[in-house]
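Structure, as structure tokens:
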Protein chains: 2
Amino acid sequence: MSSYLGVGVSPGNVPVYHGNNLKVIDRRVRVAELILRCLICGLAILSAVLIGTDTQVKEIFSIQKKAKFTDMKSLVFLVIANGLAAAYSLVQVLRCVLSMIRGSVLFNKPLAWLIFSGDQIMAYFTLAAVAAAAQSSVFAKLGQTELQWMKICNMYRKFCNQVGEGIAGALVVSIAMVVLSAISAFSLFRLYGDNKQKNNGRW
Amino acid sequence: MSSYLGVGVSPGNVPVYHGNNLKVIDRRVRVAELILRCLICGLAILSAVLIGTDTQVKEIFSIQKKAKFTDMKSLVFLVIANGLAAAYSLVQVLRCVLSMIRGSVLFNKPLAWLIFSGDQIMAYFTLAAVAAAAQSSVFAKLGQTELQWMKICNMYRKFCNQVGEGIAGALVVSIAMVVLSAISAFSLFRLYGDNKQKNNGRW
């Protein structure tokens with residue numbers, strides 16, 4: 001018998017080991033998921049508020065000019081993406097807390113697919129929004145002399161700094177979403193596992 | 001006994017059903033993976049060449065001006081990202097073909113982790129590159145009047161069209177990478193499956 005190896009060819013031989021192992025992983029995964037989702041919810045709101053409320057008025061030759069985030073479409077896109085991420089995370093936090101109170105484990109494939117799809121979409125969406133906003137702010141900060149696009153951040157210094165903080169927050173949000181989408185992929189695809197061939201080391 | 005349900009509590013009861021099901025899924029997944037990786041390799045090279053070789057000379061008031069992709073940092077980034085995606089996919093295609101010739105299935109966890117990590121990184125990396133390049137080309141196409149950044153695409157029409165084709169190709173590459181990273185997540189995380197509790201419908 002191979003049961004002394006800890007992992008038998010037929011899992012029926014070692015039910016206690018496997019069951020405990022699964023429970024420990026489950027608990028850790030669930031706690032990590034809840035923490036990440038709360039973090040995303042808070043940071044996404046903070047980042048959206050930072051960018052959305054950012055304005056600066058500058059007087060140039062007695063003409064008042066006002067910089068606001070709607071001047072740059074990519075910042076509008078980022079605020080929308082962060083708002084969506086916050087709302088989505090709030091719903092998911094409620095789902096996590098509910099399943100923790102019930103003490104249940106996710107074994108429902110359609111629901112796991114739904115969570116996986118949602119997390120994937122949000123991860124790619126927030127990352128794309130951050131990349132576009134970061135590209136815009138590089139132009140604003142450094143300009144693009146070949147195209148005669150001048151830098152505007154030496155004019156609106158306070159405005160630019162606050163936008164930078166908002167983008168940094170959004171970057172952390174999108175990285176957390178990436179980690180979360182890996183966790184939800186784990187939760188989904190292990191339902192398709194086939195342990196019988198686990199010990200087979202070939203590839 | 002529950003074996004008439006097709007999925008027994010102890011998988012040892014129904015080895016044939018499970019084994020066949022796994023093989024069919026495996027074959028489909030492997031073929032889809034190979035096709036996608038070949039598609040990525042070809043399209044990424046095409047897209048990099050389209051952008052990298054794109055130039056246009058324009059005479060303005062007897063001064064010759066030349067537009068090339070290095071004028072815009074995000075296009076350089078996109079060419080690099082596409083080059084990396086093509087090289088990475090080539091290595092993966094060889095790995096896929098090798099494992100098909102051997103007729104073996106991926107059950108090696110470290111290797112599965114490596115493939116999963118690589119696919120995730122490439123997917124997020126190519127998507128971020130496309131988003132940044134798309135944002136730049138929106139500025140080039142439409143300008144940003146609030147910031148006095150003028151549109152340059154009415155001046156370099158041929159240059160802009162070719163860049164647009166390159167970005168479209170890169171977008172398809174990044175979408176294919178996203179699908180591939182879901183496939184490799186499936187290949188990895190099903191190794192952590194625990195079929196004993198599969199019939200448990202709670203969540």
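In the structure tokens, chains take letters A, B, ... by order of appearance, with residues numbered from 1 within each chain and ligands from 1 in the order shown.
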
List as a PDB file with N, CA, C and O atoms, in the first residue's frame the protein and nucleic acid residues near region 20-34 of chain B, meaning an atom at most 10 Å away when only C-alpha atoms are counted, but skip any in the same chain fewer than 5 places from it.
```pdb
ATOM      1  N   TYR A 192     -12.580  21.042 -10.718  1.00  0.00           N
ATOM      2  CA  TYR A 192     -12.421  20.156 -11.860  1.00  0.00           C
ATOM      3  C   TYR A 192     -11.268  19.166 -11.650  1.00  0.00           C
ATOM      4  O   TYR A 192     -10.815  18.535 -12.578  1.00  0.00           O
ATOM      5  N   GLY A 193     -10.773  19.113 -10.410  1.00  0.00           N
ATOM      6  CA  GLY A 193      -9.594  18.286 -10.136  1.00  0.00           C
ATOM      7  C   GLY A 193      -9.874  16.811 -10.302  1.00  0.00           C
ATOM      8  O   GLY A 193     -11.014  16.351 -10.205  1.00  0.00           O
ATOM      9  N   ASP A 194      -8.817  16.050 -10.538  1.00  0.00           N
ATOM     10  CA  ASP A 194      -8.909  14.599 -10.637  1.00  0.00           C
ATOM     11  C   ASP A 194      -7.725  14.034  -9.887  1.00  0.00           C
ATOM     12  O   ASP A 194      -6.645  13.881 -10.428  1.00  0.00           O
TER      13      ASP A 194
ATOM     14  N   PRO B  15     -13.648   4.679 -12.226  1.00  0.00           N
ATOM     15  CA  PRO B  15     -12.416   5.162 -12.844  1.00  0.00           C
ATOM     16  C   PRO B  15     -12.550   5.401 -14.345  1.00  0.00           C
ATOM     17  O   PRO B  15     -11.969   6.331 -14.873  1.00  0.00           O
ATOM     18  N   LEU B  39      -1.247  31.487 -32.796  1.00  0.00           N
ATOM     19  CA  LEU B  39      -1.875  32.756 -33.201  1.00  0.00           C
ATOM     20  C   LEU B  39      -1.154  33.942 -32.571  1.00  0.00           C
ATOM     21  O   LEU B  39      -0.830  34.926 -33.254  1.00  0.00           O
ATOM     22  N   ILE B  40      -0.881  33.844 -31.277  1.00  0.00           N
ATOM     23  CA  ILE B  40      -0.201  34.937 -30.571  1.00  0.00           C
ATOM     24  C   ILE B  40       1.168  35.187 -31.182  1.00  0.00           C
ATOM     25  O   ILE B  40       1.543  36.333 -31.457  1.00  0.00           O
ATOM     26  N   SER B  89       5.763  32.906 -26.579  1.00  0.00           N
ATOM     27  CA  SER B  89       4.822  31.966 -27.184  1.00  0.00           C
ATOM     28  C   SER B  89       5.551  30.893 -27.978  1.00  0.00           C
ATOM     29  O   SER B  89       5.117  29.741 -28.022  1.00  0.00           O
ATOM     30  N   GLN B  92       6.655  28.306 -25.637  1.00  0.00           N
ATOM     31  CA  GLN B  92       5.502  27.549 -25.164  1.00  0.00           C
ATOM     32  C   GLN B  92       4.966  26.612 -26.257  1.00  0.00           C
ATOM     33  O   GLN B  92       4.497  25.517 -25.953  1.00  0.00           O
ATOM     34  N   VAL B  93       5.011  27.059 -27.520  1.00  0.00           N
ATOM     35  CA  VAL B  93       4.571  26.194 -28.621  1.00  0.00           C
ATOM     36  C   VAL B  93       5.446  24.946 -28.669  1.00  0.00           C
ATOM     37  O   VAL B  93       4.946  23.825 -28.800  1.00  0.00           O
ATOM     38  N   LEU B  94       6.765  25.141 -28.536  1.00  0.00           N
ATOM     39  CA  LEU B  94       7.675  23.994 -28.527  1.00  0.00           C
ATOM     40  C   LEU B  94       7.344  23.047 -27.378  1.00  0.00           C
ATOM     41  O   LEU B  94       7.300  21.826 -27.551  1.00  0.00           O
ATOM     42  N   ARG B  95       7.050  23.619 -26.206  1.00  0.00           N
ATOM     43  CA  ARG B  95       6.703  22.808 -25.043  1.00  0.00           C
ATOM     44  C   ARG B  95       5.416  22.019 -25.302  1.00  0.00           C
ATOM     45  O   ARG B  95       5.326  20.831 -25.005  1.00  0.00           O
ATOM     46  N   CYS B  96       4.416  22.690 -25.914  1.00  0.00           N
ATOM     47  CA  CYS B  96       3.139  22.024 -26.224  1.00  0.00           C
ATOM     48  C   CYS B  96       3.353  20.867 -27.196  1.00  0.00           C
ATOM     49  O   CYS B  96       2.829  19.772 -27.006  1.00  0.00           O
ATOM     50  N   VAL B  97       4.117  21.128 -28.271  1.00  0.00           N
ATOM     51  CA  VAL B  97       4.351  20.103 -29.283  1.00  0.00           C
ATOM     52  C   VAL B  97       5.084  18.918 -28.671  1.00  0.00           C
ATOM     53  O   VAL B  97       4.743  17.754 -28.892  1.00  0.00           O
ATOM     54  N   SER B  99       5.079  17.932 -25.546  1.00  0.00           N
ATOM     55  CA  SER B  99       4.232  17.143 -24.650  1.00  0.00           C
ATOM     56  C   SER B  99       3.182  16.387 -25.444  1.00  0.00           C
ATOM     57  O   SER B  99       2.696  15.347 -25.013  1.00  0.00           O
ATOM     58  N   MET B 100       2.806  16.898 -26.640  1.00  0.00           N
ATOM     59  CA  MET B 100       1.868  16.160 -27.492  1.00  0.00           C
ATOM     60  C   MET B 100       2.536  14.928 -28.089  1.00  0.00           C
ATOM     61  O   MET B 100       1.931  13.855 -28.173  1.00  0.00           O
ATOM     62  N   VAL B 105       0.394  14.225 -20.028  1.00  0.00           N
ATOM     63  CA  VAL B 105      -0.517  15.229 -19.489  1.00  0.00           C
ATOM     64  C   VAL B 105       0.216  15.978 -18.376  1.00  0.00           C
ATOM     65  O   VAL B 105       1.067  15.414 -17.700  1.00  0.00           O
ATOM     66  N   LEU B 106      -0.131  17.250 -18.241  1.00  0.00           N
ATOM     67  CA  LEU B 106       0.564  18.068 -17.245  1.00  0.00           C
ATOM     68  C   LEU B 106       0.098  17.727 -15.835  1.00  0.00           C
ATOM     69  O   LEU B 106      -1.016  18.055 -15.440  1.00  0.00           O
ATOM     70  N   ALA B 176      -6.047  37.055 -26.623  1.00  0.00           N
ATOM     71  CA  ALA B 176      -5.670  35.636 -26.685  1.00  0.00           C
ATOM     72  C   ALA B 176      -4.857  35.248 -25.452  1.00  0.00           C
ATOM     73  O   ALA B 176      -5.018  34.142 -24.910  1.00  0.00           O
ATOM     74  N   VAL B 179      -7.246  34.656 -22.555  1.00  0.00           N
ATOM     75  CA  VAL B 179      -7.887  33.338 -22.628  1.00  0.00           C
ATOM     76  C   VAL B 179      -6.892  32.252 -22.224  1.00  0.00           C
ATOM     77  O   VAL B 179      -7.214  31.331 -21.458  1.00  0.00           O
ATOM     78  N   LEU B 180      -5.647  32.373 -22.727  1.00  0.00           N
ATOM     79  CA  LEU B 180      -4.614  31.387 -22.404  1.00  0.00           C
ATOM     80  C   LEU B 180      -4.321  31.341 -20.915  1.00  0.00           C
ATOM     81  O   LEU B 180      -4.098  30.260 -20.356  1.00  0.00           O
ATOM     82  N   SER B 181      -4.327  32.509 -20.264  1.00  0.00           N
ATOM     83  CA  SER B 181      -4.007  32.499 -18.842  1.00  0.00           C
ATOM     84  C   SER B 181      -5.142  31.850 -18.047  1.00  0.00           C
ATOM     85  O   SER B 181      -4.888  31.241 -17.008  1.00  0.00           O
ATOM     86  N   ILE B 183      -6.813  29.278 -19.326  1.00  0.00           N
ATOM     87  CA  ILE B 183      -6.569  27.854 -19.591  1.00  0.00           C
ATOM     88  C   ILE B 183      -5.468  27.321 -18.679  1.00  0.00           C
ATOM     89  O   ILE B 183      -5.593  26.234 -18.098  1.00  0.00           O
ATOM     90  N   SER B 184      -4.374  28.094 -18.520  1.00  0.00           N
ATOM     91  CA  SER B 184      -3.287  27.578 -17.693  1.00  0.00           C
ATOM     92  C   SER B 184      -3.663  27.601 -16.213  1.00  0.00           C
ATOM     93  O   SER B 184      -3.163  26.788 -15.438  1.00  0.00           O
ATOM     94  N   PHE B 186      -6.693  26.826 -15.249  1.00  0.00           N
ATOM     95  CA  PHE B 186      -7.426  25.564 -15.188  1.00  0.00           C
ATOM     96  C   PHE B 186      -6.471  24.389 -15.038  1.00  0.00           C
ATOM     97  O   PHE B 186      -6.641  23.514 -14.189  1.00  0.00           O
ATOM     98  N   SER B 187      -5.401  24.372 -15.877  1.00  0.00           N
ATOM     99  CA  SER B 187      -4.443  23.260 -15.849  1.00  0.00           C
ATOM    100  C   SER B 187      -3.724  23.161 -14.520  1.00  0.00           C
ATOM    101  O   SER B 187      -3.374  22.071 -14.079  1.00  0.00           O
TER     102      SER B 187
END
```

Quick one: everything within 10 Å of Ala112 (chain B), counting only C-alpha atoms, minus sequence neighbours fewer than 4 positions away in the same chain. Send it as a list of chain:residue names.
-> A:Trp203, B:Leu106, B:Phe107, B:Asn108, B:Phe116, B:Ser117, B:Gly118, B:Ser184, B:Ala185, B:Phe186, B:Ser187, B:Leu188, B:Phe189, B:Leu191

Pull N, CA and C atoms from the residues just selected and write them as a compact mmCIF listing (two decimals), in the first residue's frame.
```
# COMPACT_ATOMS: atom_id res chain seq x y z
N TRP A 203 4.78 15.05 -17.53
CA TRP A 203 4.09 16.25 -18.02
C TRP A 203 4.00 16.21 -19.52
N LEU B 106 -0.13 17.25 -18.24
CA LEU B 106 0.56 18.07 -17.24
C LEU B 106 0.10 17.73 -15.84
N PHE B 107 0.96 17.03 -15.08
CA PHE B 107 0.62 16.76 -13.68
C PHE B 107 1.75 17.20 -12.76
N ASN B 108 2.66 17.98 -13.31
CA ASN B 108 3.82 18.43 -12.56
C ASN B 108 3.51 19.82 -12.00
N PHE B 116 1.61 28.91 -15.50
CA PHE B 116 0.55 29.80 -15.03
C PHE B 116 1.09 31.21 -14.78
N SER B 117 2.22 31.29 -14.06
CA SER B 117 2.80 32.60 -13.74
C SER B 117 3.21 33.34 -15.02
N GLY B 118 3.87 32.62 -15.92
CA GLY B 118 4.30 33.25 -17.17
C GLY B 118 3.12 33.79 -17.96
N SER B 184 -4.37 28.09 -18.52
CA SER B 184 -3.29 27.58 -17.69
C SER B 184 -3.66 27.60 -16.21
N ALA B 185 -4.58 28.52 -15.84
CA ALA B 185 -5.10 28.49 -14.47
C ALA B 185 -5.90 27.21 -14.25
N PHE B 186 -6.69 26.83 -15.25
CA PHE B 186 -7.43 25.56 -15.19
C PHE B 186 -6.47 24.39 -15.04
N SER B 187 -5.40 24.37 -15.88
CA SER B 187 -4.44 23.26 -15.85
C SER B 187 -3.72 23.16 -14.52
N LEU B 188 -3.50 24.31 -13.88
CA LEU B 188 -2.79 24.29 -12.60
C LEU B 188 -3.71 23.91 -11.46
N PHE B 189 -4.83 24.64 -11.33
CA PHE B 189 -5.59 24.53 -10.09
C PHE B 189 -6.43 23.26 -10.00
N LEU B 191 -5.19 20.53 -10.31
CA LEU B 191 -4.30 19.61 -9.60
C LEU B 191 -4.54 19.67 -8.10
```

Tell me which protein, DNA and RNA residues are within 7 Å of Cys153 (chain A), counting only C-alpha atoms, leaving out same-chain ones fewer than 6 positions away, and put them as a VMD selection string.
-> chain A and resid 140 to 141 160

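Separating CA of Thr70 (chain B) from CA of Phe125 (chain B) is a distance of 19.5 Å.
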
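For the pair CA of Ser137 (chain A) and CA of Asn161 (chain A), the separation is 10.3 Å.
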
Provide the CA of Gly169 (chain B) to CA of Ala168 (chain A) distance in Å, to one decimal place.
-> 29.3 Å

Give me the residues within 8 Å of Asn82 (chain A) as a ChimeraX atom specification, counting only C-alpha atoms and dropping any in the same chain fewer than 4 places off.
-> /A:44-45,47-48,78,86,126,170

Go ahead and write the selection's residues with N, CA and C atoms as a short mmCIF file (atom, residue, chain, number, x, y, z; two decimals), in the first residue's frame.
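What follows is the written file selection20.cif:
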```cif
data_model
loop_
_atom_site.label_atom_id
_atom_site.label_comp_id
_atom_site.auth_asym_id
_atom_site.auth_seq_id
_atom_site.Cartn_x
_atom_site.Cartn_y
_atom_site.Cartn_z
N ALA A 44 -10.20 51.93 -3.56
CA ALA A 44 -10.84 52.37 -4.80
C ALA A 44 -11.66 53.63 -4.55
N ILE A 45 -12.39 53.66 -3.42
CA ILE A 45 -13.16 54.86 -3.08
C ILE A 45 -12.22 56.03 -2.85
N SER A 47 -9.20 56.51 -3.97
CA SER A 47 -8.57 56.93 -5.22
C SER A 47 -9.55 57.72 -6.09
N ALA A 48 -10.80 57.26 -6.16
CA ALA A 48 -11.81 57.96 -6.97
C ALA A 48 -12.08 59.35 -6.40
N LEU A 78 -10.69 56.35 -15.27
CA LEU A 78 -10.12 55.76 -14.05
C LEU A 78 -11.07 55.92 -12.87
N ALA A 86 -15.09 49.47 -6.51
CA ALA A 86 -15.55 49.59 -5.12
C ALA A 86 -16.91 48.94 -4.95
N THR A 126 -9.48 47.30 -14.45
CA THR A 126 -8.78 48.28 -13.61
C THR A 126 -7.34 48.47 -14.08
N ALA A 170 -4.95 53.57 -7.28
CA ALA A 170 -5.61 52.72 -8.27
C ALA A 170 -4.70 51.57 -8.71
#
```

Quick one: DSSP helix (DSSP H, G or I) residues in region 1-173 of chain A, as a ChimeraX atom specification?
-> /A:3-5,11-13,15-52,69-71,73-102,109-142,145-147,157-173

Show which residues sit within 8 Å of region 54-60 of chain B, as a PyMOL selection string. Count only C-alpha atoms, and ignore same-chain residues fewer than 3 positions away.
-> chain B and resi 50-51+63-69+155-156+158-159+162-163

Can you list, as a PyMOL selection string, every residue of region 61-109 of chain A that DSSP puts in strand (DSSP E)?
-> chain A and resi 63-68

Excluding Gly143 (chain A) and any residue of its chain fewer than 4 positions from it, enumerate the residues within 12 Å of it, using only C-alpha atoms, and give them as a list of chain:residue names.
-> A:Gln135, A:Ser136, A:Ser137, A:Val138, A:Phe139, A:Leu147, A:Gln148, A:Trp149, A:Met150, A:Lys151, A:Ile152, A:Cys153, A:Asn154, B:Asp71, B:Met72, B:Lys73, B:Ser136, B:Leu147, B:Gln148, B:Trp149

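Shell of Met177 (chain B) at 7 Å, with only C-alpha atoms counted and residues fewer than 4 places along the chain excluded, is Asp119, Met122, Ala123, Val173 and Ser181 of chain B.
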
Restricting it to N, CA and C atoms, dump the selection as a tab-separated table (two decimals), in the first residue's frame.
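Once everything was written out, this is again-v3.tsv:
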```tsv
chain	number	residue	atom	x	y	z
B	119	ASP	N	2.06	32.98	-18.07
B	119	ASP	CA	0.89	33.41	-18.84
B	119	ASP	C	0.22	34.62	-18.19
B	122	MET	N	2.39	37.73	-18.83
B	122	MET	CA	2.31	38.16	-20.22
B	122	MET	C	0.95	38.77	-20.51
B	123	ALA	N	-0.12	38.20	-19.96
B	123	ALA	CA	-1.46	38.71	-20.22
B	123	ALA	C	-1.60	40.14	-19.69
B	173	VAL	N	-3.75	39.98	-29.68
B	173	VAL	CA	-2.73	39.21	-28.95
B	173	VAL	C	-3.05	39.21	-27.46
B	181	SER	N	-4.33	32.51	-20.26
B	181	SER	CA	-4.01	32.50	-18.84
B	181	SER	C	-5.14	31.85	-18.05
```

For Leu43 (chain B), which residue among B:Val178, B:Val172, B:Val91, B:Leu127 is the nearest when counting only C-alpha atoms?
-> B:Val172
